Each structure stands twice: as structure tokens, then as C-alpha cells.
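Engineer: Dropping in input25.csv, which is CSV, C-alpha atoms and all ligand atoms:
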chain,number,residue,atom,x,y,z
A,29,MET,CA,-1.9,-30.7,-8.8
A,30,SER,CA,0.3,-27.8,-10.0
A,31,MET,CA,-1.0,-24.2,-9.8
A,32,ASP,CA,-1.1,-23.8,-13.6
A,33,ARG,CA,-3.0,-27.0,-14.0
A,34,ARG,CA,-5.5,-25.9,-11.4
A,35,LYS,CA,-6.0,-22.6,-13.1
A,36,PHE,CA,-6.4,-24.3,-16.4
A,37,LEU,CA,-9.2,-26.4,-15.0
A,38,ASN,CA,-10.9,-23.4,-13.3
A,39,LEU,CA,-10.8,-21.4,-16.5
A,40,SER,CA,-12.2,-24.3,-18.5
A,41,GLY,CA,-15.1,-24.3,-16.0
A,42,LEU,CA,-15.7,-20.7,-17.0
A,43,GLY,CA,-16.3,-21.6,-20.6
A,44,ILE,CA,-12.8,-21.1,-22.1
A,45,THR,CA,-12.6,-23.1,-25.2
A,46,SER,CA,-9.0,-23.4,-26.3
A,47,PHE,CA,-5.5,-22.8,-25.1
A,48,THR,CA,-2.3,-22.3,-27.0
A,49,ILE,CA,0.2,-24.8,-25.5
A,50,SER,CA,3.0,-22.3,-25.1
A,51,GLY,CA,2.6,-20.4,-21.8
A,52,PHE,CA,-1.0,-21.5,-21.4
A,53,ILE,CA,-2.3,-18.3,-23.0
A,54,PRO,CA,-6.0,-18.7,-23.0
A,55,THR,CA,-8.3,-17.9,-25.8
A,56,ILE,CA,-11.5,-16.7,-24.2
A,57,HIS,CA,-15.1,-16.2,-25.5
A,58,ASN,CA,-15.8,-12.6,-26.0
A,59,GLN,CA,-18.5,-12.6,-23.4
A,60,ILE,CA,-16.3,-13.6,-20.5
A,61,GLU,CA,-13.1,-11.7,-21.4
A,62,VAL,CA,-12.7,-8.7,-19.1
A,63,ALA,CA,-11.2,-5.4,-20.1
A,64,PRO,CA,-8.2,-4.9,-17.9
A,65,ILE,CA,-7.8,-1.8,-15.8
A,66,VAL,CA,-5.3,-0.4,-13.3
A,67,ALA,CA,-5.5,2.5,-10.9
A,68,ALA,CA,-2.8,4.0,-8.7
A,69,THR,CA,-2.6,6.8,-6.1
A,70,TRP,CA,-1.3,10.3,-6.9
A,71,ASP,CA,0.5,11.6,-10.0
A,72,ALA,CA,3.3,9.1,-9.5
A,73,GLY,CA,0.6,6.6,-10.4
A,74,LEU,CA,0.9,7.6,-14.0
A,75,ALA,CA,4.4,6.2,-14.4
A,76,ALA,CA,3.6,3.2,-12.2
A,77,ASN,CA,0.5,2.4,-14.4
A,78,LEU,CA,2.6,2.3,-17.5
A,79,ALA,CA,4.7,-0.5,-16.1
A,80,ALA,CA,1.6,-2.3,-14.8
A,81,TRP,CA,0.0,-1.9,-18.2
A,82,LYS,CA,2.9,-3.7,-19.9
A,83,VAL,CA,1.8,-6.7,-18.0
A,84,LEU,CA,-2.0,-6.2,-18.2
A,85,GLY,CA,-2.1,-5.1,-21.8
A,86,ALA,CA,-0.2,-8.2,-22.8
A,87,GLY,CA,-2.8,-10.4,-21.1
A,88,GLY,CA,-0.8,-10.8,-17.9
A,89,LYS,CA,-2.0,-11.3,-14.3
A,90,ALA,CA,-3.1,-8.5,-12.0
A,91,LEU,CA,-0.7,-9.7,-9.3
A,92,ASP,CA,2.3,-9.3,-11.6
A,93,ALA,CA,1.0,-5.9,-12.8
A,94,VAL,CA,0.6,-4.4,-9.3
A,95,GLU,CA,4.1,-5.6,-8.3
A,96,LYS,CA,5.8,-4.3,-11.4
A,97,GLY,CA,3.8,-1.1,-11.3
A,98,VAL,CA,4.8,0.1,-7.9
A,99,MET,CA,8.4,-0.9,-8.3
A,100,VAL,CA,8.7,2.0,-10.7
A,101,THR,CA,7.9,4.4,-7.8
A,102,GLU,CA,10.2,2.6,-5.4
A,103,ASP,CA,13.0,3.4,-7.9
A,104,GLU,CA,12.1,7.0,-8.3
A,105,MET,CA,13.5,10.1,-6.5
A,106,ASN,CA,10.3,10.2,-4.5
A,107,CYS,CA,10.0,11.8,-1.0
A,108,CYS,CA,7.7,9.2,0.2
A,109,VAL,CA,8.3,5.8,-1.4
A,110,GLY,CA,11.4,3.6,-1.5
A,111,LEU,CA,14.9,4.2,-0.2
A,112,ASN,CA,15.0,7.8,-1.5
A,113,GLY,CA,12.2,8.7,0.8
A,114,ASN,CA,12.3,10.8,4.0
A,115,PRO,CA,13.9,9.1,7.0
A,116,ASP,CA,12.5,8.6,10.5
A,117,ARG,CA,13.5,11.0,13.3
A,118,ASP,CA,16.7,9.0,13.9
A,119,GLY,CA,17.7,9.5,10.2
A,120,HIS,CA,17.0,6.0,8.8
A,121,VAL,CA,14.6,5.2,6.0
A,122,THR,CA,12.2,2.5,7.0
A,123,LEU,CA,9.8,0.9,4.5
A,124,ASP,CA,6.4,-0.7,4.6
A,125,ALA,CA,4.7,-2.6,1.8
A,126,SER,CA,2.0,-5.1,1.1
A,127,ILE,CA,0.5,-7.1,-1.7
A,128,MET,CA,-2.6,-9.2,-2.1
A,129,ASP,CA,-4.0,-11.4,-4.9
A,130,HIS,CA,-7.4,-12.8,-5.9
A,131,GLU,CA,-7.3,-15.8,-3.7
A,132,PHE,CA,-6.8,-14.0,-0.4
A,133,ASN,CA,-3.0,-14.7,-0.5
A,134,CYS,CA,-1.2,-11.8,1.0
A,135,GLY,CA,2.2,-10.7,2.2
A,136,SER,CA,3.7,-7.7,3.8
A,137,VAL,CA,6.9,-6.2,5.2
A,138,ALA,CA,7.2,-3.4,7.8
A,139,PHE,CA,10.0,-1.4,9.3
A,140,LEU,CA,12.3,-2.8,6.6
A,141,GLU,CA,15.6,-1.0,6.0
A,142,ARG,CA,18.1,-1.0,3.2
A,143,ILE,CA,16.1,-3.0,0.6
A,144,LYS,CA,15.2,-1.3,-2.6
A,145,HIS,CA,12.0,-3.1,-3.5
A,146,PRO,CA,10.0,-3.9,-0.4
A,147,ILE,CA,7.0,-4.8,-2.6
A,148,ALA,CA,9.0,-7.7,-4.1
A,149,VAL,CA,9.9,-8.9,-0.6
A,150,ALA,CA,6.3,-8.7,0.4
A,151,ARG,CA,5.4,-10.9,-2.5
A,152,ARG,CA,8.1,-13.4,-1.4
A,153,VAL,CA,6.7,-13.4,2.1
A,154,MET,CA,3.3,-14.3,0.5
A,155,GLU,CA,4.7,-16.9,-1.8
A,156,LYS,CA,7.5,-18.5,0.1
A,157,THR,CA,6.6,-18.4,3.8
A,158,PRO,CA,3.7,-19.7,5.8
A,159,HIS,CA,3.3,-16.1,7.2
A,160,VAL,CA,1.7,-12.9,6.1
A,161,MET,CA,4.0,-10.3,7.7
A,162,LEU,CA,7.7,-10.0,8.4
A,163,VAL,CA,9.1,-6.9,10.1
A,164,GLY,CA,12.4,-5.2,10.8
A,165,GLU,CA,15.5,-7.2,11.1
A,166,GLY,CA,13.7,-10.4,10.4
A,167,ALA,CA,12.3,-9.1,7.2
A,168,GLN,CA,15.7,-7.8,6.1
A,169,GLN,CA,17.3,-11.2,6.9
A,170,PHE,CA,14.6,-12.9,4.8
A,171,ALA,CA,15.2,-10.5,2.0
A,172,VAL,CA,18.9,-11.0,1.9
A,173,ALA,CA,18.4,-14.8,2.1
A,174,GLU,CA,16.2,-14.5,-0.9
A,175,GLY,CA,18.9,-12.7,-2.8
A,176,PHE,CA,17.9,-9.0,-2.4
A,177,THR,CA,20.9,-6.7,-2.1
A,178,LEU,CA,21.5,-4.8,1.1
A,179,GLU,CA,21.8,-1.2,0.1
A,180,PRO,CA,24.0,1.4,2.0
A,181,ASP,CA,22.3,3.1,4.9
A,182,GLN,CA,22.4,6.6,3.4
A,183,LEU,CA,19.9,9.3,2.5
A,184,SER,CA,19.2,10.7,-0.9
A,185,ASP,CA,20.2,14.3,-1.3
A,186,ASP,CA,16.6,15.5,-1.1
A,187,ALA,CA,15.9,13.4,2.0
A,188,LYS,CA,19.1,14.7,3.6
A,189,ARG,CA,18.1,18.3,3.0
A,190,SER,CA,14.6,17.7,4.4
A,191,TYR,CA,15.9,15.9,7.4
A,192,GLU,CA,18.4,18.6,8.1
A,193,GLY,CA,15.5,21.1,7.9
A,194,TRP,CA,13.4,19.0,10.2
A,195,LEU,CA,16.2,18.7,12.7
A,196,LYS,CA,16.3,22.5,13.2
A,197,LYS,CA,13.0,22.2,15.2
A,198,SER,CA,12.8,18.4,15.6
A,199,GLU,CA,9.1,18.7,16.3
A,200,TYR,CA,7.8,15.5,17.7
A,201,LYS,CA,4.7,15.5,15.7
A,202,PRO,CA,5.1,14.3,12.1
A,203,VAL,CA,4.0,17.0,9.7
A,204,ILE,CA,1.1,15.7,7.7
A,205,ASN,CA,0.7,16.2,4.0
A,206,ILE,CA,-2.1,18.6,3.4
A,207,GLU,CA,-2.7,19.6,-0.2
A,208,ARG,CA,-5.1,22.3,0.7
A,209,LYS,CA,-4.0,25.8,-0.3
A,210,LYS,CA,-4.9,27.2,3.1
A,211,ALA,CA,-2.8,24.7,4.9
A,212,LEU,CA,0.1,24.9,2.5
A,213,SER,CA,0.7,28.5,3.4
A,214,GLN,CA,1.1,27.4,7.0
A,215,LEU,CA,3.7,24.8,6.3
A,216,ASP,CA,7.5,25.4,6.3
A,217,PRO,CA,8.7,24.3,2.8
A,218,SER,CA,12.1,23.6,4.2
A,219,LEU,CA,10.6,20.7,6.0
A,220,MET,CA,9.4,19.1,2.8
A,221,ALA,CA,11.3,17.0,0.3
A,222,PRO,CA,10.2,17.6,-3.2
A,223,HIS,CA,7.8,15.0,-4.6
A,224,LYS,CA,9.2,13.9,-7.9
A,225,LEU,CA,6.2,14.9,-10.0
A,226,SER,CA,4.6,17.5,-7.7
A,227,ASN,CA,5.1,20.8,-6.2
A,228,GLY,CA,7.4,20.1,-3.3
A,229,GLU,CA,4.9,20.3,-0.4
A,230,TRP,CA,4.8,16.6,0.2
A,231,ASN,CA,5.8,14.9,3.5
A,232,HIS,CA,4.4,11.5,3.1
A,233,ASP,CA,2.6,9.4,0.6
A,234,THR,CA,2.0,5.9,-0.6
A,235,ILE,CA,1.9,4.4,-4.0
A,236,GLY,CA,-1.1,2.2,-3.9
A,237,MET,CA,-2.3,0.2,-6.9
A,238,VAL,CA,-5.3,-1.9,-7.7
A,239,ALA,CA,-5.9,-3.9,-10.9
A,240,LEU,CA,-8.3,-6.1,-12.7
A,241,ASP,CA,-6.9,-8.5,-15.3
A,242,ARG,CA,-8.4,-10.0,-18.4
A,243,PHE,CA,-9.3,-13.2,-16.4
A,244,GLY,CA,-11.5,-11.0,-14.2
A,245,ASN,CA,-9.1,-11.3,-11.2
A,246,LEU,CA,-8.2,-8.5,-8.9
A,247,SER,CA,-5.0,-7.7,-7.0
A,248,GLY,CA,-3.5,-4.8,-5.1
A,249,SER,CA,-0.2,-3.5,-3.8
A,250,CYS,CA,1.1,-0.6,-1.8
A,251,THR,CA,4.5,0.7,-0.7
A,252,THR,CA,5.7,3.6,1.3
A,253,SER,CA,8.5,5.1,3.4
A,254,GLY,CA,5.6,6.2,5.7
A,255,ALA,CA,5.4,9.4,7.6
A,256,GLY,CA,8.5,11.5,7.3
A,257,PHE,CA,10.4,12.0,10.6
A,258,LYS,CA,8.2,9.4,12.3
A,259,MET,CA,9.2,7.8,15.6
A,260,ARG,CA,11.7,5.0,15.0
A,261,GLY,CA,9.7,1.7,14.7
A,262,ARG,CA,6.5,3.5,13.6
A,263,VAL,CA,4.5,1.4,11.1
A,264,GLY,CA,1.7,2.8,9.1
A,265,ASP,CA,-1.4,1.3,7.5
A,266,SER,CA,0.3,0.2,4.2
A,267,PRO,CA,1.6,-3.2,5.4
A,268,VAL,CA,-1.5,-3.9,7.5
A,269,ILE,CA,-3.8,-6.1,5.4
A,270,GLY,CA,-7.3,-4.8,5.7
A,271,ALA,CA,-6.2,-1.3,6.5
A,272,GLY,CA,-3.9,0.0,3.8
A,273,LEU,CA,-4.9,-2.7,1.3
A,274,TYR,CA,-7.6,-5.3,0.8
A,275,VAL,CA,-8.7,-7.5,-2.0
A,276,ASP,CA,-11.8,-9.7,-2.1
A,277,ASN,CA,-12.0,-11.2,-5.6
A,278,GLU,CA,-15.8,-11.5,-5.4
A,279,VAL,CA,-16.2,-7.8,-4.7
A,280,GLY,CA,-13.3,-5.5,-5.2
A,281,ALA,CA,-9.8,-4.2,-4.3
A,282,VAL,CA,-9.0,-1.1,-2.3
A,283,VAL,CA,-5.9,0.8,-1.3
A,284,ALA,CA,-5.4,3.8,1.1
A,285,THR,CA,-3.1,6.7,1.4
A,286,GLY,CA,-3.0,9.4,4.0
A,287,GLN,CA,-2.7,9.3,7.8
A,288,GLY,CA,-2.0,5.6,8.4
A,289,GLU,CA,-3.1,5.6,12.1
A,290,ASP,CA,-6.6,6.7,11.2
A,291,VAL,CA,-6.9,4.2,8.4
A,292,ILE,CA,-5.8,1.4,10.7
A,293,ARG,CA,-8.4,2.5,13.3
A,294,VAL,CA,-11.3,1.7,11.0
A,295,ALA,CA,-9.7,-1.2,9.1
A,296,GLY,CA,-10.2,1.2,6.2
A,297,SER,CA,-9.7,-0.8,3.0
A,298,SER,CA,-11.6,-3.8,4.3
A,299,ALA,CA,-14.4,-1.4,5.3
A,300,VAL,CA,-14.6,0.0,1.8
A,301,VAL,CA,-14.7,-3.5,0.4
A,302,GLU,CA,-17.6,-4.4,2.7
A,303,GLN,CA,-19.5,-1.3,1.5
A,304,MET,CA,-19.1,-2.4,-2.1
A,305,ARG,CA,-20.4,-5.8,-1.1
A,306,GLN,CA,-23.5,-4.1,0.2
A,307,GLY,CA,-24.0,-2.6,-3.3
A,308,LYS,CA,-22.3,0.8,-3.1
A,309,SER,CA,-20.2,2.0,-6.1
A,310,PRO,CA,-16.4,2.2,-5.5
A,311,SER,CA,-16.6,6.0,-4.9
A,312,GLU,CA,-19.7,5.8,-2.7
A,313,ALA,CA,-18.0,3.1,-0.7
A,314,CYS,CA,-14.8,5.1,-0.3
A,315,LYS,CA,-16.8,8.2,0.7
A,316,PHE,CA,-18.7,6.2,3.3
A,317,VAL,CA,-15.5,5.2,5.1
A,318,VAL,CA,-13.9,8.7,4.8
A,319,GLU,CA,-17.1,10.1,6.5
A,320,ARG,CA,-16.7,7.5,9.2
A,321,ILE,CA,-13.1,8.7,9.9
A,322,ARG,CA,-14.3,12.3,9.9
A,323,ARG,CA,-16.9,11.5,12.5
A,324,ILE,CA,-14.3,9.7,14.6
A,325,LYS,CA,-11.7,12.4,14.3
A,326,LYS,CA,-14.2,15.3,14.8
A,327,GLU,CA,-12.3,18.6,14.9
A,328,LYS,CA,-8.9,16.9,14.3
A,329,ALA,CA,-10.1,15.8,10.8
A,330,LYS,CA,-9.0,19.1,9.5
A,331,ASP,CA,-5.4,18.2,10.2
A,332,ILE,CA,-5.2,14.9,8.4
A,333,GLN,CA,-5.7,13.6,4.9
A,334,ILE,CA,-7.2,10.3,4.1
A,335,CYS,CA,-7.8,8.9,0.6
A,336,PHE,CA,-9.0,5.6,-0.8
A,337,ILE,CA,-9.1,4.2,-4.3
A,338,ALA,CA,-11.3,1.2,-5.1
A,339,ILE,CA,-12.1,-1.0,-8.1
A,340,ASN,CA,-14.9,-3.4,-8.3
A,341,LYS,CA,-15.4,-6.7,-10.0
A,342,LYS,CA,-17.0,-5.0,-13.0
A,343,GLY,CA,-13.9,-2.9,-13.5
A,344,GLU,CA,-15.5,0.3,-12.2
A,345,VAL,CA,-13.0,2.6,-10.4
A,346,GLY,CA,-13.6,5.3,-7.8
A,347,ALA,CA,-11.9,7.3,-5.1
A,348,PHE,CA,-12.7,9.7,-2.3
A,349,ALA,CA,-10.6,11.9,0.0
A,350,LEU,CA,-11.2,13.7,3.2
A,351,HIS,CA,-9.8,16.9,1.7
A,352,LYS,CA,-9.1,18.4,-1.7
A,353,GLY,CA,-5.9,17.7,-3.5
A,354,PHE,CA,-5.9,14.0,-3.9
A,355,ASN,CA,-5.5,12.6,-7.5
A,356,TYR,CA,-5.2,9.2,-8.9
A,357,ALA,CA,-4.2,7.7,-12.2
A,358,VAL,CA,-6.3,5.2,-14.2
A,359,HIS,CA,-5.1,3.2,-17.2
A,360,THR,CA,-7.6,1.4,-19.4
A,361,ASN,CA,-7.5,0.3,-23.1
A,362,ASP,CA,-8.2,4.0,-23.8
A,363,GLY,CA,-5.0,5.3,-22.2
A,364,ASN,CA,-3.6,6.6,-18.9
A,365,LYS,CA,-5.1,9.6,-17.2
A,366,LEU,CA,-4.9,11.5,-14.0
A,367,ILE,CA,-8.2,12.1,-12.2
A,368,GLU,CA,-8.9,14.6,-9.5
A,369,SER,CA,-10.7,12.8,-6.6
A,370,SER,CA,-13.9,14.1,-5.0
A,371,SER,CA,-13.6,15.0,-1.4
A,372,LEU,CA,-15.6,16.1,1.6
A,373,ASP,CA,-14.5,19.7,1.2
B,401,LIG,N1,-0.4,5.9,4.7
B,401,LIG,C1,1.0,6.1,4.9
B,401,LIG,C2,1.4,5.9,6.3
B,401,LIG,O1,0.7,6.4,7.2
B,401,LIG,C3,1.4,7.5,4.4
B,401,LIG,C4,0.7,8.1,3.2
B,401,LIG,O2,0.1,7.4,2.4
B,401,LIG,O3,0.7,9.3,3.1
B,401,LIG,O4,2.5,5.4,6.5
For the structure just supplied, provide its representation as C-alpha cells.
Ligand code: ASP
Structural biologist:
Amino acid sequence: MSMDRRKFLNLSGLGITSFTISGFIPTIHNQIEVAPIVAATWDAGLAANLAAWKVLGAGGKALDAVEKGVMVTEDEMNCCVGLNGNPDRDGHVTLDASIMDHEFNCGSVAFLERIKHPIAVARRVMEKTPHVMLVGEGAQQFAVAEGFTLEPDQLSDDAKRSYEGWLKKSEYKPVINIERKKALSQLDPSLMAPHKLSNGEWNHDTIGMVALDRFGNLSGSCTTSGAGFKMRGRVGDSPVIGAGLYVDNEVGAVVATGQGEDVIRVAGSSAVVEQMRQGKSPSEACKFVVERIRRIKKEKAKDIQICFIAINKKGEVGAFALHKGFNYAVHTNDGNKLIESSSLD
């Protein structure tokens, strides 16, 4: 049975009364139609949401929305996402991305070089291979076989400037993004590439996106160039299903940004979903896991940032961060807005 046919039958089981033949656009009883919503990390999420909303607002699927949405950021002059991002300590940009749909299908790529849209490759991994994750050369080989262009191995002007700044000290420890005013004064701005829509203090970020479509289905995506000036081969949380991203269509969808190692340690996004399953609201669930990370990190929690955004099956969105300064963008039928996240400080 074809996928479309199966979905048709499933939807009829939910009380859908009629279909237009062209494109199987469903006509749905008012009581079961869901108002779509999409949320994405940071201020870059505003532009990403607009692309996602083109899909969702036209009655499209959450999976398509979260892929199209974050592709916008992958194309931007952004310090921390896509091929314009900061390189590793050897001067190469390496990308991590993952995507997950409402049926536990998921795909990811890690340590991928010279491919403009890792999120689209992650989706191909999900849809065209029996695997969940491809890394490095193998991921690149797969991408090229799938028709993706191999881009030149070169840095954007911003990334080159940042990398040259970093090389002056070549500190082993990746400098973490901290948006707190106190910490900003301690950071050397020459080490930072300007974030497209921010103030220029950024070192790493992830565009993470979660969405609910009119069919009531959830999906999520995330994509990043990871920690700037990381060790070659370092992979963060973003391509690790359950850590940087998790979707359970009965409960909710969650994405993370911040210090990837500490998100992996607690299977962060999956942990947030489990808290929502126990009845917590999206922001309470995010807070619970952020608190767990603070307990684990003890004193060192002051040196890292961790942020989650979550959406539940009812279309409620929430977020929580370890420290001040995290914001996220939410697009509903009422428009697109940037929201300041609550945090532990
Ligand atoms: N979580 C990403 C990583 O560790 C970076 C970030 O979101 O700031 O690779």
C-alpha cells in the first residue's frame, strides 16, 4: 500500500469526511483540525519560521516545514550554521544535522564537509537508507551520489577573520557562547564571528526547529557547524537523536542548543519529552532537564549555556535556558515573534 493511501485511510479513521482529488488535500471537520505552529531557536529563527510557515500555512506537513525552515539559516551568513560557519581548529567547516518526523523516522549526518544543506542530506538518510546516521566521508559520498553539489573547501570572510583571530592563541578549549553581560566583557571579540542578526558575540549556535501541522503531526530539525574551533572530528548533540532532537508524536517535539556534550550526557531532548509525557508543560519540562544539567555540572554550569525549546501535542510551546540571553521565534496564525526565554538566572 502506498504511503499516501495509508495516510488517506488513517485520516478517514480520524473522521475526515471528504478529500479533493488533486493532491489529496483533506477537508477536515473543524473539531479535529489543528492550528499549525512552528518554533525555532534564536533570532535567526524568525527568518527560518517564515519559510516553514509557507509550508504550514498552506496546509503542508510539519516534516517539510522543518526542513525548508532551517535551510534558510544554512544559506545565511551565520557564524554557526552551514558552510559560512566557524571552522574546526584545523580550518575546515564540519556540519551536523538531524531531522525526525511523527512516525519515529529519523535521519542525521555528522562531521559532514562541503555540502550546503546538511539538513536535506539528513532527510535523504532517513528516507533513502536503512540507517539513521551517516558521518564524515561516507555522508559526503552519499550526498554526492544523491546529487548534492560538493562546494569548495573555503571559509567565508567572517569565518576566516574569526579563525585567524583564534589562531593567535589557538586555545585548546572551544570558547563557549555566553550571552550574559558579565561574561561578554571577559570574551575577546576578535575570536567571534558576527552572528547575522545579533551582536557579534557568538561562537556557536544551532538552528533548531519544531513544528505541529494541521493534521496534528509533529516534526523537528536541527543543523549546526557546531562549536567553533573544535577538535577535528568533534560531533555535538545536534545529529544525535534523543540528545539534540527528539519527536514523539503522542507527546511532543524538542530541540536543544548550547554545549552539545552536556546535552548528550543527559539525552536532553528525549528527557524533555519524557517529562512532558508525565504531564509537565513544555517550559516546565525544559526547566526540569536544564536543572538536571546544572546539578551534574555543579560549579562548571556557569561556563556553559544550555537551552531547549519544546512543543506539545496541543500546540503549546515553551523553552528554558541555563542562563539569560536565549531567545526563540514562534510563528502561529497570529504572526511571527521573538520570545525571551526564562532561565535559571
Ligand atoms: N549544540 C551545538 C553543538 O554543541 C552548538 C550550539 O547549539 O550552540 O554542536
Engineer: Would you give me, as a tab-separated table, each residue of chain A having an atom within 6 Å of an atom of ligand LIG 401 (chain B), along with its shortest atom pair and that distance in Å to one decimal, using all atoms listed in the file and sorting by chain and residue number?
Structural biologist:
residue	atom	partner	partner_atom	distance
A:His232	CA	B:LIG401	O3	4.3
A:Asp233	CA	B:LIG401	O3	3.1
A:Thr234	CA	B:LIG401	O2	3.9
A:Gly254	CA	B:LIG401	O4	3.3
A:Ala255	CA	B:LIG401	O4	5.1
A:Gly264	CA	B:LIG401	O4	3.8
A:Asp265	CA	B:LIG401	N1	5.5
A:Ser266	CA	B:LIG401	N1	5.8
A:Thr285	CA	B:LIG401	O2	3.4
A:Gly286	CA	B:LIG401	O3	3.8
A:Gln287	CA	B:LIG401	O1	4.5
A:Gly288	CA	B:LIG401	O1	3.1
Engineer: Let me make sure I understand: among A:Ala67, A:Ile337, A:Val358, A:Cys250, which one has the smallest atom-to-atom distance to Ala125 of chain A if we use all atoms listed in the file?
Structural biologist: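 Selected residue with least distance to Ala125 of chain A: A:Cys250.
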Engineer: Closest to Phe170 of chain A among A:Gly261, A:Pro146, A:Gly193, A:Gly296, using all atoms listed in the file?
Structural biologist: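 Using all atoms listed in the file, the shortest distance to Phe170 of chain A belongs to A:Pro146.
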Engineer: Compare A:Val62, A:Val163, A:Leu366, A:Val98 by their minimum atom-to-atom distance to Ile127 of chain A, counting only C-alpha atoms, and give me the closest one.
Structural biologist: A:Val98
Engineer: Here is a test: counting all atoms listed in the file, which residue of A:Gly97, A:Gly343, A:Gly135, A:Gly272 is nearest to Thr360 of chain A?
Structural biologist: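 Closest to Thr360 of chain A of all the choices is A:Gly343.
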Engineer: Could you jot down the atom CA of Val149 of chain A to atom CA of Ala173 of chain A separation for me, Å, one decimal place?
Structural biologist: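 These atoms are spaced 10.7 Å apart.
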Engineer: Atom CA of Asp71 of chain A and atom CA of Cys108 of chain A are how many Å apart?
Structural biologist: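 Rounded to one decimal, the two atoms are 12.7 Å apart.
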Engineer: Nearest to Tyr191 of chain A: which of A:Arg117, A:Arg262, A:His145, A:His159 is it, counting all atoms listed in the file?
Structural biologist: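 Comparing A:Arg117, A:Arg262, A:His145, A:His159 against Tyr191 of chain A, the winner is A:Arg117.
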Engineer: With all atoms listed in the file as the basis for distance, which of A:Lys341, A:Lys315, A:Arg242, A:Lys96 is at the shortest distance from Asn77 of chain A?
Structural biologist: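 Checking each of A:Lys341, A:Lys315, A:Arg242, A:Lys96 against Asn77 of chain A, counting all atoms listed in the file, the winner is A:Lys96.
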Engineer: Between atom CA of Leu246 of chain A and atom CA of Gly110 of chain A, what is the distance in Å, rounded to a tenth?
Structural biologist: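 It comes out at 24.2 Å.
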Engineer: What's around Val283 of chain A at 8 Å? Count all atoms listed in the file, leave out sequence neighbours fewer than 2 positions away in its own chain, and write the answer as a VMD selection string.
Structural biologist: chain A and resid 236 to 238 248 to 250 272 to 274 281 285 297 336 to 338
Engineer: With only C-alpha atoms as the counted atoms, please give the residues lying no more than 8 Å from Glu179 of chain A, apart from itself and same-chain residues fewer than 5 positions off, as a list in words.
Structural biologist: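 Selected residues are Arg142, Ile143 and Lys144 of chain A.
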Engineer: Provide an axis-aligned box for all listed atoms of segment 111-117 of chain A, padding each side by 4 Å; report its centre and its edge lengths in Å to one decimal, as lines of an AutoDock Vina configuration file.
Structural biologist:
center_x = 13.6
center_y = 7.6
center_z = 5.9
size_x = 10.8
size_y = 14.8
size_z = 22.8
Engineer: I'd like the neighbourhood of Val263 of chain A as a list in words, where a residue qualifies if any of its atoms comes within 10 Å (using all atoms listed in the file), though same-chain residues fewer than 3 positions away should be ignored.
Structural biologist: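 So, after excluding close chain neighbours, the residues are Thr122, Leu123, Asp124, Val137, Ala138, Phe139, Leu140, Val163, Ser253, Gly254, Ala255, Lys258, Met259, Arg260, Ser266, Pro267, Val268, Gly288 and Glu289 of chain A.
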Engineer: Can I get the selected residues back with C-alpha atoms, as a tab-separated table (two decimals), keeping the file's coordinate frame?
Structural biologist:
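After the write, result.tsv holds the following:
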chain	number	residue	atom	x	y	z
A	122	THR	CA	12.20	2.50	7.00
A	123	LEU	CA	9.80	0.90	4.50
A	124	ASP	CA	6.40	-0.70	4.60
A	137	VAL	CA	6.90	-6.20	5.20
A	138	ALA	CA	7.20	-3.40	7.80
A	139	PHE	CA	10.00	-1.40	9.30
A	140	LEU	CA	12.30	-2.80	6.60
A	163	VAL	CA	9.10	-6.90	10.10
A	253	SER	CA	8.50	5.10	3.40
A	254	GLY	CA	5.60	6.20	5.70
A	255	ALA	CA	5.40	9.40	7.60
A	258	LYS	CA	8.20	9.40	12.30
A	259	MET	CA	9.20	7.80	15.60
A	260	ARG	CA	11.70	5.00	15.00
A	266	SER	CA	0.30	0.20	4.20
A	267	PRO	CA	1.60	-3.20	5.40
A	268	VAL	CA	-1.50	-3.90	7.50
A	288	GLY	CA	-2.00	5.60	8.40
A	289	GLU	CA	-3.10	5.60	12.10
Engineer: For Cys314 of chain A, please output as an MDAnalysis selection string all residues within 12 Å (counting only C-alpha atoms; exclusion window: fewer than 4 positions along the same chain).
Structural biologist: chainID A and resid 280:285 291 296:304 308:310 318:321 334:340 345:350 369:372
